[in-house]
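Student: My questions will all concern the structure given below.
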Amino acid sequence: MKSLITFIAVGLLAFLPLAAAAKIERTIEKSFTVQPGSNLRVSTQGGHITLKAGGGGTVTITALQTIRAKSEAEADQLLAKLDLSLTQSGNEVTATAKYEPRKSGWHSGNRPPVKVDFVIMLPAALNADLRTSGGHIEVGDLTGNITARTSGGHVELGRIVGEVKANTSGGSITLEHATGPADLRTSGGQIKVGQLEHTLKAQTSGGHVTAVLAGPLQGDCVLSTSGGHVKVAVVPDAGFMLDAATSGGRVNAVGLTIELTETTRSRLAGKVNGGGPLLKLRTSGGHIDIAVK
């Protein structure tokens with residue numbers, strides 16, 4: 001009998017965390033009519049942000065609310081402390097989600113008990129400013145300037161006809177294609193750029209940097225990492241000043257016409273195709289490879 005009581009007690013203890021971690025989901029949706037070139041601002045506390053092109057002349061925002069609660073009644077109480085706003089003012093649409101802070105901290109670690117993910121269907125021609133403190137950001141193909149910042153997730157960007165700024169403290173950054181300047185920074189992941197037609201600044205402390213520069217350099221480009229390799233492909237006729245150096249590997253150049261000013265195992269500098277803007281490549285913990293695509 002004692003063994004049976006012990007078994008039941010252990011079973012109940014194992015069930016309690018599951019009950020405490022129960023999740024209830026709620027959804028709110030709202031649409032706004034916009035003109036091409038309008039602005040979208042999105043901010044959420046701990047949730048993901050996803051942008052999908054295809055909304056015609058309408059921005060449709062779906063707020064997916066996940067509440068850590070044991071009952072619908074408790075979920076209602078928690079949602080009462082959520083500041084969720086979906087608004088439009090002129091050519092600007094704003095979506096924000098922030099949970100009311102508590103002096104003693106939230107009841108489960110340091111996370112708020114309500115998480116809001118935004119899924120947004122929007123016209124292809126639109127500027128977006130996206131911020132989250134703990135989730136991923138995913139953006140499809142858009143025409144407009146994109147700013148994406150997260151403290152704890154990845155940033156994935158499609159074909160962007162415009163300027164791109166992306167920053168994360170805890171994930172990787174992927175950019176499929178951009179026609180404008182791109183500034184990409186992460187403290188904890190790799191950076192991968194499929195094709196870029198303008199200038200690039202890419203910096204990471206914890207991963208590889210890979211980029212294809214699809215045309216002549218429009219200005220100075222800097223790619224650097226403290227903990228990985230740097231790999232760059234350029235078009236055959238691109239003219240630029242190459243400055244590549246590594247502290248923990250070697251520099252390889254394939255298919256380039258270089259007028260060298262300095263060459264060692266770990267450093268390569270000189271004029272490529274007569275010179276031009278600066279292409280600066282740096283790593284402290286890996287190799288550098290640059291080649292004609």
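Please note that chains go A, B, ... in the order of the structure tokens, that every chain numbers its residues from 1, and that ligands are numbered from 1 in the order shown.
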DSSP says strand (DSSP E) for which residues of segment 105-159 of chain A? Put them as an MDAnalysis selection string?
Tutor: chainID A and resid 114:122 126:132 137:139 142:143 146:150 155:159
Student: Could those residues be written to a file, using C-alpha atoms, as a JSON list (two decimals), in the first residue's frame?
Tutor:
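What ended up in part22.json:
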```
[["chain", "number", "residue", "atom", "x", "y", "z"],
["A", 114, "VAL", "CA", 0.64, 36.33, -22.28],
["A", 115, "LYS", "CA", 2.56, 36.06, -25.55],
["A", 116, "VAL", "CA", 1.33, 37.71, -28.75],
["A", 117, "ASP", "CA", 2.47, 36.59, -32.20],
["A", 118, "PHE", "CA", 1.59, 38.84, -35.12],
["A", 119, "VAL", "CA", 0.85, 37.38, -38.57],
["A", 120, "ILE", "CA", 0.29, 40.16, -41.09],
["A", 121, "MET", "CA", -0.89, 40.02, -44.70],
["A", 122, "LEU", "CA", 0.00, 43.23, -46.50],
["A", 126, "LEU", "CA", 5.10, 49.01, -47.88],
["A", 127, "ASN", "CA", 7.75, 50.10, -45.36],
["A", 128, "ALA", "CA", 7.99, 48.10, -42.13],
["A", 129, "ASP", "CA", 9.56, 48.66, -38.71],
["A", 130, "LEU", "CA", 9.43, 45.41, -36.70],
["A", 131, "ARG", "CA", 10.53, 44.85, -33.10],
["A", 132, "THR", "CA", 10.23, 41.94, -30.66],
["A", 137, "ILE", "CA", 10.95, 37.83, -37.44],
["A", 138, "GLU", "CA", 10.03, 36.53, -40.89],
["A", 139, "VAL", "CA", 9.39, 38.80, -43.87],
["A", 142, "LEU", "CA", 8.40, 43.28, -50.24],
["A", 143, "THR", "CA", 9.08, 46.60, -51.93],
["A", 146, "ILE", "CA", 12.65, 47.11, -43.69],
["A", 147, "THR", "CA", 13.91, 47.45, -40.11],
["A", 148, "ALA", "CA", 13.83, 44.25, -38.02],
["A", 149, "ARG", "CA", 15.07, 43.95, -34.44],
["A", 150, "THR", "CA", 14.81, 41.07, -31.99],
["A", 155, "VAL", "CA", 15.53, 37.13, -38.75],
["A", 156, "GLU", "CA", 14.52, 35.72, -42.14],
["A", 157, "LEU", "CA", 14.00, 38.14, -45.04],
["A", 158, "GLY", "CA", 12.91, 37.41, -48.60],
["A", 159, "ARG", "CA", 13.41, 39.60, -51.70]]
```
Student: Hey, what's within 6 Å of Ala211 of chain A if we count only C-alpha atoms and toss same-chain stuff fewer than 5 positions away? As an NGL selection string, please?
Tutor: :A and (192-193 or 232)
Student: Rounded to one decimal place, report the atom CA of Ala214 of chain A-atom CA of Asp243 of chain A distance in Å.
Tutor: 19.1 Å
Student: Under the rule that only C-alpha atoms are counted, which of A:Leu281, A:Leu256, A:Ala245, A:Ile49 is the nearest residue to Gly134 of chain A?
Tutor: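 Residue with the minimum atom-to-atom distance to Gly134 of chain A: A:Ile49.
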Student: Pick out each residue of segment 27-105 of chain A that DSSP on the backbone tags as alpha helix (DSSP H); I need them as a PyMOL selection string.
Tutor: chain A and resi 72-79
Student: Got time to write the residues from that selection, C-alpha atoms, as a CSV table (one decimal), in the first residue's frame?
Tutor:
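Output below, filename out.csv:
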```csv
chain,number,residue,atom,x,y,z
A,72,GLU,CA,-10.8,30.5,-19.4
A,73,ALA,CA,-11.6,32.7,-16.4
A,74,GLU,CA,-8.0,33.1,-15.5
A,75,ALA,CA,-7.2,33.8,-19.1
A,76,ASP,CA,-9.7,36.6,-19.1
A,77,GLN,CA,-8.1,38.1,-16.0
A,78,LEU,CA,-4.6,37.9,-17.5
A,79,LEU,CA,-5.7,39.4,-20.9
```
Student: Select, from A:Gly144, A:Pro113, A:Gly188, A:Pro277, the residue with the minimum atom-to-atom distance to Ser38 of chain A, counting only C-alpha atoms.
Tutor: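 Checking each candidate against Ser38 of chain A, we get A:Gly144 as the closest.
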Student: Do a neighbour search on Thr263 of chain A at 12 Å with only C-alpha atoms, toss out local chain neighbours closer than 6 positions, and write the hits as a list of chain:residue names.
Tutor: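 Answer for this query is A:Leu242, A:Asp243, A:Ala244, A:Ala245, A:Arg250, A:Val251, A:Asn252, A:Ala253, A:Ala269, A:Gly270.
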Student: Taking 3 positions as the minimum chain separation for residues in the same chain, which residues sit within 8 Å of Gly219 of chain A when counting only C-alpha atoms? Answer as an MDAnalysis selection string.
Tutor: chainID A and resid 198:199 277:278
Student: At a cut-off of 12 Å, using only C-alpha atoms, what residues contact Gly249 of chain A? Leave out same-chain residues fewer than 4 positions from it and give the result as a list in words.
Tutor: Ser226, Gly227, Gly228, His229, Val230, Ala244, Ala245, Thr264, Arg265, Ser266, Arg267, Arg282, Thr283, Ser284, Gly285, Gly286, His287, Ile288 and Asp289 of chain A
Student: Could those selected residues go to a file with C-alpha atoms, as a PDB file, in the first residue's frame?
Tutor:
```pdb
ATOM      1  CA  SER A 226      34.749  36.837 -34.414  1.00  0.00           C
ATOM      2  CA  GLY A 227      33.867  33.162 -34.522  1.00  0.00           C
ATOM      3  CA  GLY A 228      33.548  31.817 -38.054  1.00  0.00           C
ATOM      4  CA  HIS A 229      34.437  31.983 -41.730  1.00  0.00           C
ATOM      5  CA  VAL A 230      33.787  34.768 -44.226  1.00  0.00           C
ATOM      6  CA  ALA A 244      40.988  40.823 -46.152  1.00  0.00           C
ATOM      7  CA  ALA A 245      42.599  39.623 -42.925  1.00  0.00           C
ATOM      8  CA  THR A 264      50.525  36.744 -46.574  1.00  0.00           C
ATOM      9  CA  ARG A 265      48.834  33.527 -45.513  1.00  0.00           C
ATOM     10  CA  SER A 266      46.433  35.485 -43.322  1.00  0.00           C
ATOM     11  CA  ARG A 267      46.151  38.790 -45.198  1.00  0.00           C
ATOM     12  CA  ARG A 282      37.645  40.291 -41.171  1.00  0.00           C
ATOM     13  CA  THR A 283      37.546  37.219 -38.942  1.00  0.00           C
ATOM     14  CA  SER A 284      39.336  36.248 -35.746  1.00  0.00           C
ATOM     15  CA  GLY A 285      38.503  32.564 -35.827  1.00  0.00           C
ATOM     16  CA  GLY A 286      38.253  31.240 -39.369  1.00  0.00           C
ATOM     17  CA  HIS A 287      39.133  31.429 -43.056  1.00  0.00           C
ATOM     18  CA  ILE A 288      38.254  34.047 -45.666  1.00  0.00           C
ATOM     19  CA  ASP A 289      37.241  32.940 -49.159  1.00  0.00           C
TER      20      ASP A 289
END
```
Student: If we count only C-alpha atoms and set the cut-off at 6 Å, which residues sit around Lys293 of chain A, ignoring sequence neighbours fewer than 4 positions away in its own chain? Please answer as a ChimeraX atom specification.
Tutor: /A:233-235
Student: Could those selected residues go to a file with N, CA and C atoms, as a JSON list (two decimals), in the first residue's frame?
Tutor:
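The file below, result_13.json, is the result:
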```
[["chain", "number", "residue", "atom", "x", "y", "z"],
["A", 233, "ALA", "N", 31.21, 36.11, -52.78],
["A", 233, "ALA", "CA", 31.28, 35.94, -54.22],
["A", 233, "ALA", "C", 30.99, 37.27, -54.88],
["A", 234, "VAL", "N", 31.75, 37.61, -55.95],
["A", 234, "VAL", "CA", 31.58, 38.88, -56.65],
["A", 234, "VAL", "C", 31.45, 38.61, -58.15],
["A", 235, "VAL", "N", 30.90, 39.60, -58.87],
["A", 235, "VAL", "CA", 30.79, 39.47, -60.33],
["A", 235, "VAL", "C", 32.18, 39.68, -60.94]]
```
Student: If you count only C-alpha atoms, which residues fall within 10 Å of Met241 of chain A, apart from same-chain ones fewer than 4 positions away, as a ChimeraX atom specification?
Tutor: /A:220,258-260,269-280
Student: What separation in Å, quoted to one decimal, exists between atom CA of Asn91 of chain A and atom CA of Ala166 of chain A?
Tutor: 23.1 Å
Student: What is the atom CA of Asn167 of chain A-atom CA of Gly56 of chain A distance in Å, reported with one decimal?
Tutor: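 For atom CA of Asn167 of chain A relative to atom CA of Gly56 of chain A, the distance reads 28.8 Å.
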